[in-house]
Amino acid sequence: MADQEFQKPTGTQDIFDKKQRYFNKIYEVSRDIAYQYNFETIETPIMEKEALFKRSVGESTDIVQKEMYVFETKGGDRLALRPEGTAPIVRSYIENDFYKKPQPVKFYYCGPFFRYERPQKGRYRQFHQFGLEVLGKDSPALDSQLIRAFYQTFEELGLEVTFKVNSLGDDSCRPDYKEQLKESLEPDLEDLCKNCQERFENNPLRILDCKNEECQEITENVPQIVDHLCKSCKKKFKSVLELLDEMEIPYELDPFLVRGLDYYTNTVFEIFAGKGPALGGGGRYDKLVELLGGRETPACGGAVGVERTVDAMREADIDVTEKRKKVFLAQLGNSAKKKAFELFEDFRKEGIPVYESMGRDSLKSQMARADKLGAEYTLILGRQECIKGQIIIREMKSGKQETVPLDKVVKKIKKKI
Ligand code: AMP
């Protein structure tokens with residue numbers, strides 16, 4: 001056990017071994033699918049100006065009020081460890097004049113994010129996400145395609161997911177709806193939880209997704225935003241849903257889905273596998289680029305939590321262990337060692353990982369290592385074999401051995417594993 005003083009910070013983790021394989025798989029698959037849908041990878045800094053998140057995520061949100069890691073640099077800048085990925089990408093879009101590129105521009109990102117939350121199962125202070133963002137064009141087809149790209153990613157990972165979707169309208173219908181919502185909640189204001197009483201003034205929509213049971217009872221019968229959308233928002237939402245139907249993407253309408261952040265307009269969605277917590281979510285944010293000082297730019301995007309996806313994969317018994325049989329290369333004597341180095345490279349070029357322990361000299365200790373690693377085959381290259389240009393393939397379980405020409409061994413092993 002490391003000295004208490006040096007243990008990793010609460011809510012963070014060392015990711016290795018099996019968990020690392022899940023992470024790798026999720027990054028690999030999400031990047032491949034993103035590539036197939038023409039998303040370009042972007043990396044933005046892990047820290048940004050605090051003001052970026054205050055403005056975009058919203059002053060009244062939990063993220064900004066309670067969860068951001070904020071610090072002052074020696075030069076006096078106030079920076080925040082990024083709590084989410086959309087605001088940095090919008091900043092980057094503006095700062096790099098991406099509006100000059102053919103629109104829409106589509107970005108894929110992945111990496112660590114930071115929120116000072118109470119750690120529990122599936123919730124960390126440093127967690128990981130991959131995300132997709134589409135900026136520069138407004139079309140319901142883009143919302144649907146975004147959802148589809150996430151859907152395909154999960155399908156490729158072997159996870160069956162469903163989406164919850166809702167529309168939050170826009171500036172022409174949401175303010176009216178907010179008033180109606182407040183009117184309907186007002187008689188029960190005192191029975192709402194303390195948080196919701198505060199939200200009532202500055203962010204009433206958030207009352208709809210409060211987890212408190214009493215609040216949920218109160219909101220059960222309030223007016224729903226889908227019934228109060230203006231004509232244009234209604235039309236857009238209908239198109240999104242029609243396209244989802246056409247692509248046979250499983251979804252349900254959830255009038256209580258509002259997402260936590262201030263910047264969403266129109267479509268919002270969350271992704272679920274079974275009964276667990278949301279794996280991810282996103283939506284359209286047509287006002288955000290302007291809010292951060294850019295020109296009017298429609299956009300949509302979403303992000304998925306890697307840790308939650310790992311949990312869901314484990315729950316669904318999705319295995320990511322390397323299925324390929326292990327091969328160990330043992331050598332005896334100086335000339336064999338040289339040959340073994342060459343052979344190792346031959347295997348590597350064919351994409352076959354071979355275990356070895358070139359640092360050990362006795363065959364016994366090398367065989368013991370092969371055993372410990374669970375190697376299916378051990379290749380033995382001794383002095384005799386070296387001279388004859390041969391090598392022994394030993395099947396570890398049965399102890400059966402065959403001697404084959406050195407230049408045929410890669411091909412032979414390739415067939416066996
Ligand atoms: P959000 O934008 O807050 O909905 O986050 C999107 C996804 O990121 C969530 O659905 C989770 O999968 C993941 N996520 C958010 N916060 C955390 C956290 N503290 N720990 C682990 N995963 C998180």
# chains A, B, ... in the order shown; residues from 1 in each chain; ligands from 1
$ residues_near_ligand --ligand "ligand 1" --cutoff "7 Å" --atoms "only C-alpha atoms and all ligand atoms" --output "list in words"
Glu84, Arg115, Glu117, Gly122, Arg123, Tyr124, Arg125, Gln126, Phe127, His128, Gln129, Arg259, Gly260, Ala278, Leu279, Gly280, Gly281, Gly282, Ala303, Val304, Gly305, Val306, Glu307 and Arg308 of chain A
$ residues_around --residues "range 12-28 of chain A" --least-positions-apart "4" --cutoff "10 Å" --atoms "only C-alpha atoms" --output "number ranges by chain"
A: 8, 32-34, 109-111, 114, 119, 123-130, 153-154, 156-157, 306-307, 309-311, 313-314, 318-322
$ closest_atom_pairs --of "range 287-372 of chain A" --to "range 389-399 of chain A" --cutoff "12 Å" --atoms "only C-alpha atoms" --output "CSV"
residue,atom,partner,partner_atom,distance
A:Lys325,CA,A:Glu395,CA,11.2
A:Lys326,CA,A:Met396,CA,10.5
A:Val327,CA,A:Ile393,CA,9.7
A:Phe328,CA,A:Arg394,CA,9.7
A:Leu329,CA,A:Ile393,CA,9.4
A:Ala330,CA,A:Ile392,CA,9.7
A:Gln331,CA,A:Ile391,CA,9.8
A:Leu332,CA,A:Ile391,CA,11.4
A:Ser335,CA,A:Gly389,CA,11.5
A:Ala336,CA,A:Ile391,CA,10.0
A:Lys339,CA,A:Gly389,CA,9.7
A:Ala340,CA,A:Ile391,CA,10.1
A:Leu343,CA,A:Ile391,CA,10.5
A:Met367,CA,A:Met396,CA,9.4
A:Ala368,CA,A:Met396,CA,10.9
A:Arg369,CA,A:Met396,CA,11.9
A:Ala370,CA,A:Met396,CA,8.7
A:Asp371,CA,A:Met396,CA,7.7
A:Lys372,CA,A:Met396,CA,11.2
$ write_last_selection --atoms "N, CA and C atoms" --output "PDB file, in the first residue's frame"
ATOM      1  N   LYS A 325      -4.239 -17.237 -29.400  1.00  0.00           N
ATOM      2  CA  LYS A 325      -3.378 -18.068 -28.550  1.00  0.00           C
ATOM      3  C   LYS A 325      -2.008 -17.411 -28.406  1.00  0.00           C
ATOM      4  N   LYS A 326      -1.416 -17.624 -27.224  1.00  0.00           N
ATOM      5  CA  LYS A 326      -0.118 -16.994 -26.969  1.00  0.00           C
ATOM      6  C   LYS A 326       1.037 -17.861 -27.468  1.00  0.00           C
ATOM      7  N   VAL A 327       2.051 -17.161 -27.999  1.00  0.00           N
ATOM      8  CA  VAL A 327       3.231 -17.853 -28.506  1.00  0.00           C
ATOM      9  C   VAL A 327       4.448 -17.333 -27.754  1.00  0.00           C
ATOM     10  N   PHE A 328       5.313 -18.257 -27.325  1.00  0.00           N
ATOM     11  CA  PHE A 328       6.517 -17.851 -26.603  1.00  0.00           C
ATOM     12  C   PHE A 328       7.743 -18.293 -27.404  1.00  0.00           C
ATOM     13  N   LEU A 329       8.733 -17.437 -27.451  1.00  0.00           N
ATOM     14  CA  LEU A 329       9.941 -17.754 -28.205  1.00  0.00           C
ATOM     15  C   LEU A 329      11.115 -17.933 -27.241  1.00  0.00           C
ATOM     16  N   ALA A 330      11.622 -19.179 -27.205  1.00  0.00           N
ATOM     17  CA  ALA A 330      12.754 -19.457 -26.317  1.00  0.00           C
ATOM     18  C   ALA A 330      14.014 -19.689 -27.150  1.00  0.00           C
ATOM     19  N   GLN A 331      15.156 -19.297 -26.624  1.00  0.00           N
ATOM     20  CA  GLN A 331      16.413 -19.451 -27.382  1.00  0.00           C
ATOM     21  C   GLN A 331      17.521 -19.954 -26.468  1.00  0.00           C
ATOM     22  N   LEU A 332      18.459 -20.595 -27.084  1.00  0.00           N
ATOM     23  CA  LEU A 332      19.548 -21.171 -26.306  1.00  0.00           C
ATOM     24  C   LEU A 332      20.870 -20.917 -27.027  1.00  0.00           C
ATOM     25  N   SER A 335      24.217 -17.581 -30.857  1.00  0.00           N
ATOM     26  CA  SER A 335      23.779 -17.440 -32.252  1.00  0.00           C
ATOM     27  C   SER A 335      22.257 -17.562 -32.315  1.00  0.00           C
ATOM     28  N   ALA A 336      21.698 -18.421 -31.457  1.00  0.00           N
ATOM     29  CA  ALA A 336      20.230 -18.568 -31.427  1.00  0.00           C
ATOM     30  C   ALA A 336      19.577 -17.266 -30.963  1.00  0.00           C
ATOM     31  N   LYS A 339      19.370 -14.934 -33.882  1.00  0.00           N
ATOM     32  CA  LYS A 339      18.316 -15.384 -34.801  1.00  0.00           C
ATOM     33  C   LYS A 339      16.933 -15.074 -34.208  1.00  0.00           C
ATOM     34  N   ALA A 340      16.837 -15.283 -32.897  1.00  0.00           N
ATOM     35  CA  ALA A 340      15.553 -15.062 -32.222  1.00  0.00           C
ATOM     36  C   ALA A 340      15.111 -13.596 -32.358  1.00  0.00           C
ATOM     37  N   LEU A 343      13.726 -13.283 -35.803  1.00  0.00           N
ATOM     38  CA  LEU A 343      12.446 -13.985 -35.904  1.00  0.00           C
ATOM     39  C   LEU A 343      11.333 -13.185 -35.213  1.00  0.00           C
ATOM     40  N   MET A 367      11.160 -21.808 -20.190  1.00  0.00           N
ATOM     41  CA  MET A 367       9.960 -22.641 -20.292  1.00  0.00           C
ATOM     42  C   MET A 367       9.004 -22.344 -19.131  1.00  0.00           C
ATOM     43  N   ALA A 368       9.580 -22.114 -17.960  1.00  0.00           N
ATOM     44  CA  ALA A 368       8.744 -21.817 -16.797  1.00  0.00           C
ATOM     45  C   ALA A 368       7.978 -20.514 -17.042  1.00  0.00           C
ATOM     46  N   ARG A 369       8.648 -19.584 -17.669  1.00  0.00           N
ATOM     47  CA  ARG A 369       7.999 -18.303 -17.963  1.00  0.00           C
ATOM     48  C   ARG A 369       6.873 -18.480 -18.989  1.00  0.00           C
ATOM     49  N   ALA A 370       7.160 -19.317 -20.002  1.00  0.00           N
ATOM     50  CA  ALA A 370       6.147 -19.597 -21.030  1.00  0.00           C
ATOM     51  C   ALA A 370       4.902 -20.199 -20.382  1.00  0.00           C
ATOM     52  N   ASP A 371       5.134 -21.087 -19.443  1.00  0.00           N
ATOM     53  CA  ASP A 371       4.055 -21.740 -18.713  1.00  0.00           C
ATOM     54  C   ASP A 371       3.233 -20.722 -17.932  1.00  0.00           C
ATOM     55  N   LYS A 372       3.927 -19.874 -17.232  1.00  0.00           N
ATOM     56  CA  LYS A 372       3.291 -18.870 -16.388  1.00  0.00           C
ATOM     57  C   LYS A 372       2.438 -17.907 -17.218  1.00  0.00           C
TER      58      LYS A 372
END
$ closest_residue --among "A:Tyr99, A:Phe163, A:Phe256, A:Tyr93" --to "Asn221 in chain A" --atoms "only C-alpha atoms"
A:Phe256
$ residues_around --residues "Asn334 in chain A" --least-positions-apart "2" --cutoff "12 Å" --atoms "only C-alpha atoms" --output "mmCIF file with C-alpha atoms, in the first residue's frame"
data_model
loop_
_atom_site.group_PDB
_atom_site.id
_atom_site.type_symbol
_atom_site.label_atom_id
_atom_site.label_comp_id
_atom_site.auth_asym_id
_atom_site.auth_seq_id
_atom_site.Cartn_x
_atom_site.Cartn_y
_atom_site.Cartn_z
ATOM 1 C CA GLN A 331 16.413 -19.451 -27.382
ATOM 2 C CA LEU A 332 19.548 -21.171 -26.306
ATOM 3 C CA ALA A 336 20.230 -18.568 -31.427
ATOM 4 C CA LYS A 337 19.637 -15.358 -29.523
ATOM 5 C CA LYS A 338 20.605 -13.321 -32.589
ATOM 6 C CA LYS A 339 18.316 -15.384 -34.801
ATOM 7 C CA ALA A 340 15.553 -15.062 -32.222
ATOM 8 C CA PHE A 341 15.742 -11.276 -32.461
ATOM 9 C CA MET A 358 15.740 -12.726 -24.099
ATOM 10 C CA GLY A 359 17.310 -11.721 -20.806
ATOM 11 C CA ARG A 360 17.205 -15.302 -19.525
ATOM 12 C CA ASP A 361 19.626 -17.925 -20.665
ATOM 13 C CA SER A 362 18.546 -21.255 -19.224
ATOM 14 C CA LEU A 381 15.610 -22.217 -31.062
ATOM 15 C CA GLY A 382 18.769 -24.035 -29.898
ATOM 16 C CA ARG A 383 22.286 -24.382 -31.282
ATOM 17 C CA CYS A 386 20.261 -22.696 -35.680
#
$ residues_around --residues "Lys137 in chain A" --least-positions-apart "4" --cutoff "12 Å" --atoms "only C-alpha atoms" --output "PyMOL selection string"
chain A and resi 99+101-106+133+141-143+284-286+296-300
$ write_last_selection --atoms "C-alpha atoms" --output "PDB file, in the first residue's frame"
ATOM      1  CA  TYR A  99     -16.481  28.555 -40.426  1.00  0.00           C
ATOM      2  CA  LYS A 101     -14.164  25.314 -44.119  1.00  0.00           C
ATOM      3  CA  PRO A 102     -16.971  23.553 -45.995  1.00  0.00           C
ATOM      4  CA  GLN A 103     -19.829  23.188 -43.522  1.00  0.00           C
ATOM      5  CA  PRO A 104     -20.704  21.263 -41.501  1.00  0.00           C
ATOM      6  CA  VAL A 105     -17.412  20.484 -39.804  1.00  0.00           C
ATOM      7  CA  LYS A 106     -17.536  17.305 -37.779  1.00  0.00           C
ATOM      8  CA  GLU A 133     -19.830  17.443 -32.637  1.00  0.00           C
ATOM      9  CA  ALA A 141     -30.917  14.973 -40.722  1.00  0.00           C
ATOM     10  CA  LEU A 142     -27.736  15.911 -38.868  1.00  0.00           C
ATOM     11  CA  ASP A 143     -29.357  15.350 -35.472  1.00  0.00           C
ATOM     12  CA  ARG A 284     -28.546  20.652 -30.531  1.00  0.00           C
ATOM     13  CA  TYR A 285     -26.952  23.905 -29.401  1.00  0.00           C
ATOM     14  CA  ASP A 286     -27.697  26.492 -32.062  1.00  0.00           C
ATOM     15  CA  GLU A 296     -24.545  32.521 -35.834  1.00  0.00           C
ATOM     16  CA  THR A 297     -23.760  28.816 -36.251  1.00  0.00           C
ATOM     17  CA  PRO A 298     -26.161  25.930 -35.820  1.00  0.00           C
ATOM     18  CA  ALA A 299     -24.597  22.866 -34.205  1.00  0.00           C
ATOM     19  CA  CYS A 300     -25.290  19.592 -32.452  1.00  0.00           C
TER      20      CYS A 300
END
$ atom_distance --atom1 "CA of Asn203 in chain A" --atom2 "CA of Arg91 in chain A"
24.2 Å
$ residues_around --residues "Thr267 in chain A" --least-positions-apart "3" --cutoff "12 Å" --atoms "only C-alpha atoms" --output "MDAnalysis selection string"
chainID A and resid 138:144 146:147 163:170 225:226 229 233:241 253:255 257:259 263:264 270 281:286 299:302
$ residues_around --residues "Phe53 in chain A" --least-positions-apart "5" --cutoff "8 Å" --atoms "only C-alpha atoms" --output "list in words"
Gly58, Val64 and Ala87 of chain A
$ write_last_selection --atoms "all heavy atoms" --output "PDB file, in the first residue's frame"
ATOM      1  N   GLY A  58     -23.218  27.480 -18.193  1.00  0.00           N
ATOM      2  CA  GLY A  58     -24.232  28.276 -17.497  1.00  0.00           C
ATOM      3  C   GLY A  58     -23.893  28.457 -16.023  1.00  0.00           C
ATOM      4  O   GLY A  58     -23.521  27.504 -15.347  1.00  0.00           O
ATOM      5  N   VAL A  64     -20.946  24.321 -12.985  1.00  0.00           N
ATOM      6  CA  VAL A  64     -20.222  25.574 -12.734  1.00  0.00           C
ATOM      7  C   VAL A  64     -20.258  25.946 -11.251  1.00  0.00           C
ATOM      8  O   VAL A  64     -19.251  26.372 -10.679  1.00  0.00           O
ATOM      9  CB  VAL A  64     -20.788  26.711 -13.611  1.00  0.00           C
ATOM     10  CG1 VAL A  64     -20.276  28.068 -13.149  1.00  0.00           C
ATOM     11  CG2 VAL A  64     -20.412  26.459 -15.065  1.00  0.00           C
ATOM     12  N   ALA A  87     -17.962  22.925 -25.105  1.00  0.00           N
ATOM     13  CA  ALA A  87     -17.522  24.320 -25.060  1.00  0.00           C
ATOM     14  C   ALA A  87     -16.099  24.493 -25.631  1.00  0.00           C
ATOM     15  O   ALA A  87     -15.868  25.405 -26.433  1.00  0.00           O
ATOM     16  CB  ALA A  87     -17.610  24.858 -23.639  1.00  0.00           C
TER      17      ALA A  87
END
$ select_by_dssp --residues "range 233-336 of chain A" --states "alpha helix (DSSP H)" --output "number ranges by chain"
A: 233-246, 288-291, 306-315, 334-336
$ write_last_selection --atoms "N, CA and C atoms" --output "JSON list (two decimals), in the first residue's frame"
[["chain", "number", "residue", "atom", "x", "y", "z"],
["A", 233, "CYS", "N", -40.14, 24.59, -34.62],
["A", 233, "CYS", "CA", -39.49, 23.59, -33.75],
["A", 233, "CYS", "C", -40.22, 22.25, -33.83],
["A", 234, "LYS", "N", -41.55, 22.33, -33.93],
["A", 234, "LYS", "CA", -42.35, 21.10, -34.01],
["A", 234, "LYS", "C", -41.98, 20.33, -35.27],
["A", 235, "LYS", "N", -41.86, 21.09, -36.36],
["A", 235, "LYS", "CA", -41.55, 20.47, -37.66],
["A", 235, "LYS", "C", -40.18, 19.79, -37.61],
["A", 236, "LYS", "N", -39.22, 20.50, -37.03],
["A", 236, "LYS", "CA", -37.86, 19.94, -36.94],
["A", 236, "LYS", "C", -37.87, 18.65, -36.12],
["A", 237, "PHE", "N", -38.55, 18.71, -34.99],
["A", 237, "PHE", "CA", -38.56, 17.54, -34.10],
["A", 237, "PHE", "C", -39.20, 16.35, -34.79],
["A", 238, "LYS", "N", -40.29, 16.65, -35.51],
["A", 238, "LYS", "CA", -40.99, 15.58, -36.22],
["A", 238, "LYS", "C", -40.05, 14.93, -37.25],
["A", 239, "SER", "N", -39.31, 15.76, -37.95],
["A", 239, "SER", "CA", -38.38, 15.21, -38.95],
["A", 239, "SER", "C", -37.32, 14.33, -38.30],
["A", 240, "VAL", "N", -36.79, 14.79, -37.17],
["A", 240, "VAL", "CA", -35.78, 13.98, -36.48],
["A", 240, "VAL", "C", -36.36, 12.61, -36.15],
["A", 241, "LEU", "N", -37.56, 12.62, -35.58],
["A", 241, "LEU", "CA", -38.17, 11.35, -35.17],
["A", 241, "LEU", "C", -38.47, 10.45, -36.37],
["A", 242, "GLU", "N", -38.94, 11.07, -37.45],
["A", 242, "GLU", "CA", -39.23, 10.27, -38.65],
["A", 242, "GLU", "C", -37.97, 9.57, -39.16],
["A", 243, "LEU", "N", -36.87, 10.32, -39.14],
["A", 243, "LEU", "CA", -35.62, 9.72, -39.62],
["A", 243, "LEU", "C", -35.15, 8.60, -38.69],
["A", 244, "LEU", "N", -35.34, 8.80, -37.40],
["A", 244, "LEU", "CA", -34.97, 7.73, -36.46],
["A", 244, "LEU", "C", -35.82, 6.49, -36.72],
["A", 245, "ASP", "N", -37.12, 6.72, -36.98],
["A", 245, "ASP", "CA", -38.01, 5.59, -37.31],
["A", 245, "ASP", "C", -37.50, 4.86, -38.54],
["A", 246, "GLU", "N", -37.16, 5.65, -39.53],
["A", 246, "GLU", "CA", -36.73, 5.06, -40.79],
["A", 246, "GLU", "C", -35.47, 4.22, -40.61],
["A", 288, "LEU", "N", -24.89, 28.47, -29.13],
["A", 288, "LEU", "CA", -23.66, 28.48, -28.33],
["A", 288, "LEU", "C", -22.49, 29.20, -29.01],
["A", 289, "VAL", "N", -22.35, 29.02, -30.31],
["A", 289, "VAL", "CA", -21.22, 29.67, -30.99],
["A", 289, "VAL", "C", -21.34, 31.19, -30.85],
["A", 290, "GLU", "N", -22.56, 31.67, -31.03],
["A", 290, "GLU", "CA", -22.79, 33.12, -30.88],
["A", 290, "GLU", "C", -22.53, 33.56, -29.44],
["A", 291, "LEU", "N", -23.00, 32.77, -28.51],
["A", 291, "LEU", "CA", -22.85, 33.11, -27.11],
["A", 291, "LEU", "C", -21.37, 33.26, -26.73],
["A", 306, "VAL", "N", -16.96, 6.78, -20.89],
["A", 306, "VAL", "CA", -16.27, 5.52, -21.15],
["A", 306, "VAL", "C", -16.44, 4.55, -19.97],
["A", 307, "GLU", "N", -16.31, 5.07, -18.74],
["A", 307, "GLU", "CA", -16.44, 4.18, -17.57],
["A", 307, "GLU", "C", -17.82, 3.52, -17.53],
["A", 308, "ARG", "N", -18.85, 4.32, -17.81],
["A", 308, "ARG", "CA", -20.21, 3.75, -17.78],
["A", 308, "ARG", "C", -20.38, 2.72, -18.89],
["A", 309, "THR", "N", -19.73, 2.95, -20.02],
["A", 309, "THR", "CA", -19.82, 2.00, -21.12],
["A", 309, "THR", "C", -19.12, 0.70, -20.74],
["A", 310, "VAL", "N", -17.98, 0.82, -20.05],
["A", 310, "VAL", "CA", -17.28, -0.38, -19.58],
["A", 310, "VAL", "C", -18.20, -1.17, -18.65],
["A", 311, "ASP", "N", -18.82, -0.47, -17.70],
["A", 311, "ASP", "CA", -19.74, -1.15, -16.77],
["A", 311, "ASP", "C", -20.84, -1.89, -17.53],
["A", 312, "ALA", "N", -21.41, -1.20, -18.52],
["A", 312, "ALA", "CA", -22.52, -1.81, -19.28],
["A", 312, "ALA", "C", -22.02, -3.03, -20.07],
["A", 313, "MET", "N", -20.81, -2.94, -20.60],
["A", 313, "MET", "CA", -20.27, -4.08, -21.36],
["A", 313, "MET", "C", -20.03, -5.26, -20.43],
["A", 314, "ARG", "N", -19.52, -4.96, -19.24],
["A", 314, "ARG", "CA", -19.28, -6.05, -18.28],
["A", 314, "ARG", "C", -20.59, -6.70, -17.87],
["A", 315, "GLU", "N", -21.58, -5.85, -17.65],
["A", 315, "GLU", "CA", -22.89, -6.37, -17.23],
["A", 315, "GLU", "C", -23.48, -7.26, -18.32],
["A", 334, "ASN", "N", 24.27, -18.10, -28.01],
["A", 334, "ASN", "CA", 24.42, -16.76, -28.59],
["A", 334, "ASN", "C", 23.89, -16.61, -30.00],
["A", 335, "SER", "N", 24.22, -17.58, -30.86],
["A", 335, "SER", "CA", 23.78, -17.44, -32.25],
["A", 335, "SER", "C", 22.26, -17.56, -32.31],
["A", 336, "ALA", "N", 21.70, -18.42, -31.46],
["A", 336, "ALA", "CA", 20.23, -18.57, -31.43],
["A", 336, "ALA", "C", 19.58, -17.27, -30.96]]
$ residues_around --residues "Ser184 in chain A" --least-positions-apart "3" --cutoff "8 Å" --atoms "only C-alpha atoms" --output "list in words"
Gln180, Leu181, Pro187, Val222 and Pro223 of chain A
$ select_by_dssp --residues "range 4-213 of chain A" --states "strand (DSSP E)" --output "compact mmCIF listing (two decimals) with N, CA and C atoms, in the first residue's frame"
# COMPACT_ATOMS: atom_id res chain seq x y z
N GLU A 40 -13.58 14.30 -37.98
CA GLU A 40 -12.14 14.42 -37.82
C GLU A 40 -11.79 14.50 -36.35
N THR A 41 -10.70 13.87 -35.99
CA THR A 41 -10.31 13.91 -34.57
C THR A 41 -9.74 15.28 -34.21
N MET A 47 -7.11 22.03 -19.94
CA MET A 47 -7.57 23.19 -19.16
C MET A 47 -7.94 24.33 -20.10
N GLU A 48 -8.93 25.08 -19.67
CA GLU A 48 -9.41 26.22 -20.45
C GLU A 48 -9.66 27.36 -19.47
N LYS A 49 -9.92 28.54 -20.02
CA LYS A 49 -10.28 29.64 -19.12
C LYS A 49 -11.59 29.29 -18.40
N VAL A 70 -11.15 24.63 -10.41
CA VAL A 70 -10.68 25.94 -10.88
C VAL A 70 -9.42 26.30 -10.11
N PHE A 71 -8.47 26.87 -10.81
CA PHE A 71 -7.25 27.31 -10.11
C PHE A 71 -6.67 28.54 -10.78
N GLU A 72 -5.86 29.23 -10.00
CA GLU A 72 -5.24 30.43 -10.55
C GLU A 72 -3.80 30.10 -10.91
N ARG A 78 -7.35 32.60 -14.45
CA ARG A 78 -8.20 31.61 -13.78
C ARG A 78 -8.58 30.53 -14.79
N LEU A 79 -8.06 29.33 -14.55
CA LEU A 79 -8.30 28.22 -15.47
C LEU A 79 -9.16 27.15 -14.81
N ALA A 80 -9.80 26.35 -15.66
CA ALA A 80 -10.60 25.23 -15.14
C ALA A 80 -10.18 23.97 -15.88
N LEU A 81 -10.10 22.83 -15.15
CA LEU A 81 -9.95 21.55 -15.84
C LEU A 81 -11.27 21.30 -16.55
N VAL A 105 -18.64 21.15 -40.22
CA VAL A 105 -17.41 20.48 -39.80
C VAL A 105 -17.79 19.51 -38.69
N LYS A 106 -17.15 18.36 -38.73
CA LYS A 106 -17.54 17.31 -37.78
C LYS A 106 -16.31 16.86 -36.99
N PHE A 107 -16.42 16.88 -35.69
CA PHE A 107 -15.27 16.54 -34.85
C PHE A 107 -15.55 15.35 -33.94
N TYR A 108 -14.50 14.54 -33.78
CA TYR A 108 -14.50 13.44 -32.80
C TYR A 108 -13.44 13.78 -31.76
N TYR A 109 -13.73 13.52 -30.50
CA TYR A 109 -12.70 13.71 -29.47
C TYR A 109 -12.84 12.62 -28.42
N CYS A 110 -11.78 12.40 -27.69
CA CYS A 110 -11.87 11.50 -26.53
C CYS A 110 -10.79 11.88 -25.53
N GLY A 111 -11.02 11.53 -24.28
CA GLY A 111 -10.02 11.84 -23.28
C GLY A 111 -10.65 12.09 -21.91
N PRO A 112 -9.83 12.59 -20.97
CA PRO A 112 -10.29 12.77 -19.60
C PRO A 112 -11.05 14.08 -19.37
N PHE A 113 -11.99 14.03 -18.47
CA PHE A 113 -12.77 15.21 -18.04
C PHE A 113 -12.83 15.20 -16.53
N PHE A 114 -13.15 16.35 -15.95
CA PHE A 114 -13.01 16.48 -14.49
C PHE A 114 -14.23 17.16 -13.88
N GLN A 126 -12.22 12.20 -12.08
CA GLN A 126 -11.64 12.21 -13.42
C GLN A 126 -12.27 11.06 -14.17
N PHE A 127 -13.06 11.37 -15.19
CA PHE A 127 -13.69 10.32 -15.98
C PHE A 127 -13.33 10.56 -17.44
N HIS A 128 -13.80 9.67 -18.30
CA HIS A 128 -13.39 9.75 -19.71
C HIS A 128 -14.60 9.73 -20.62
N GLN A 129 -14.48 10.45 -21.68
CA GLN A 129 -15.60 10.50 -22.64
C GLN A 129 -15.06 10.41 -24.06
N PHE A 130 -15.91 9.93 -24.96
CA PHE A 130 -15.67 10.25 -26.37
C PHE A 130 -16.91 11.02 -26.85
N GLY A 131 -16.69 11.90 -27.81
CA GLY A 131 -17.82 12.74 -28.22
C GLY A 131 -17.76 13.07 -29.70
N LEU A 132 -18.90 13.47 -30.22
CA LEU A 132 -19.03 13.86 -31.62
C LEU A 132 -19.71 15.23 -31.68
N GLU A 133 -19.21 16.12 -32.50
CA GLU A 133 -19.83 17.44 -32.64
C GLU A 133 -19.94 17.77 -34.13
N VAL A 134 -21.06 18.38 -34.50
CA VAL A 134 -21.30 18.76 -35.90
C VAL A 134 -21.64 20.24 -35.92
N LEU A 135 -20.80 21.05 -36.52
CA LEU A 135 -21.03 22.50 -36.48
C LEU A 135 -21.17 23.09 -37.87
N THR A 162 -30.90 2.08 -26.15
CA THR A 162 -32.07 2.83 -26.60
C THR A 162 -31.82 4.31 -26.29
N PHE A 163 -32.53 5.14 -27.00
CA PHE A 163 -32.36 6.58 -26.80
C PHE A 163 -33.62 7.16 -26.17
N LYS A 164 -33.42 8.13 -25.29
CA LYS A 164 -34.55 8.96 -24.87
C LYS A 164 -34.39 10.28 -25.59
N VAL A 165 -35.47 10.79 -26.15
CA VAL A 165 -35.35 12.05 -26.88
C VAL A 165 -36.44 13.03 -26.45
N ASN A 166 -36.12 14.29 -26.62
CA ASN A 166 -37.08 15.35 -26.32
C ASN A 166 -36.67 16.57 -27.14
N SER A 167 -37.55 17.55 -27.22
CA SER A 167 -37.16 18.81 -27.82
C SER A 167 -37.33 19.91 -26.78
$ atom_distance --atom1 "CA of Met247 in chain A" --atom2 "CA of Tyr35 in chain A"
19.7 Å
$ atom_distance --atom1 "CA of Ala273 in chain A" --atom2 "CA of Thr219 in chain A"
25.4 Å
$ closest_residue --among "A:Ile380, A:Glu160, A:Lys323, A:Pro88" --to "Lys275 in chain A" --atoms "only C-alpha atoms"
A:Glu160
$ closest_residue --among "A:Phe98, A:Glu402, A:Ile89, A:Tyr69" --to "Tyr116 in chain A" --atoms "only C-alpha atoms"
A:Tyr69
$ closest_residue --among "A:Asp227, A:Glu95, A:Glu345, A:Glu214" --to "Thr44 in chain A" --atoms "only C-alpha atoms"
A:Glu95
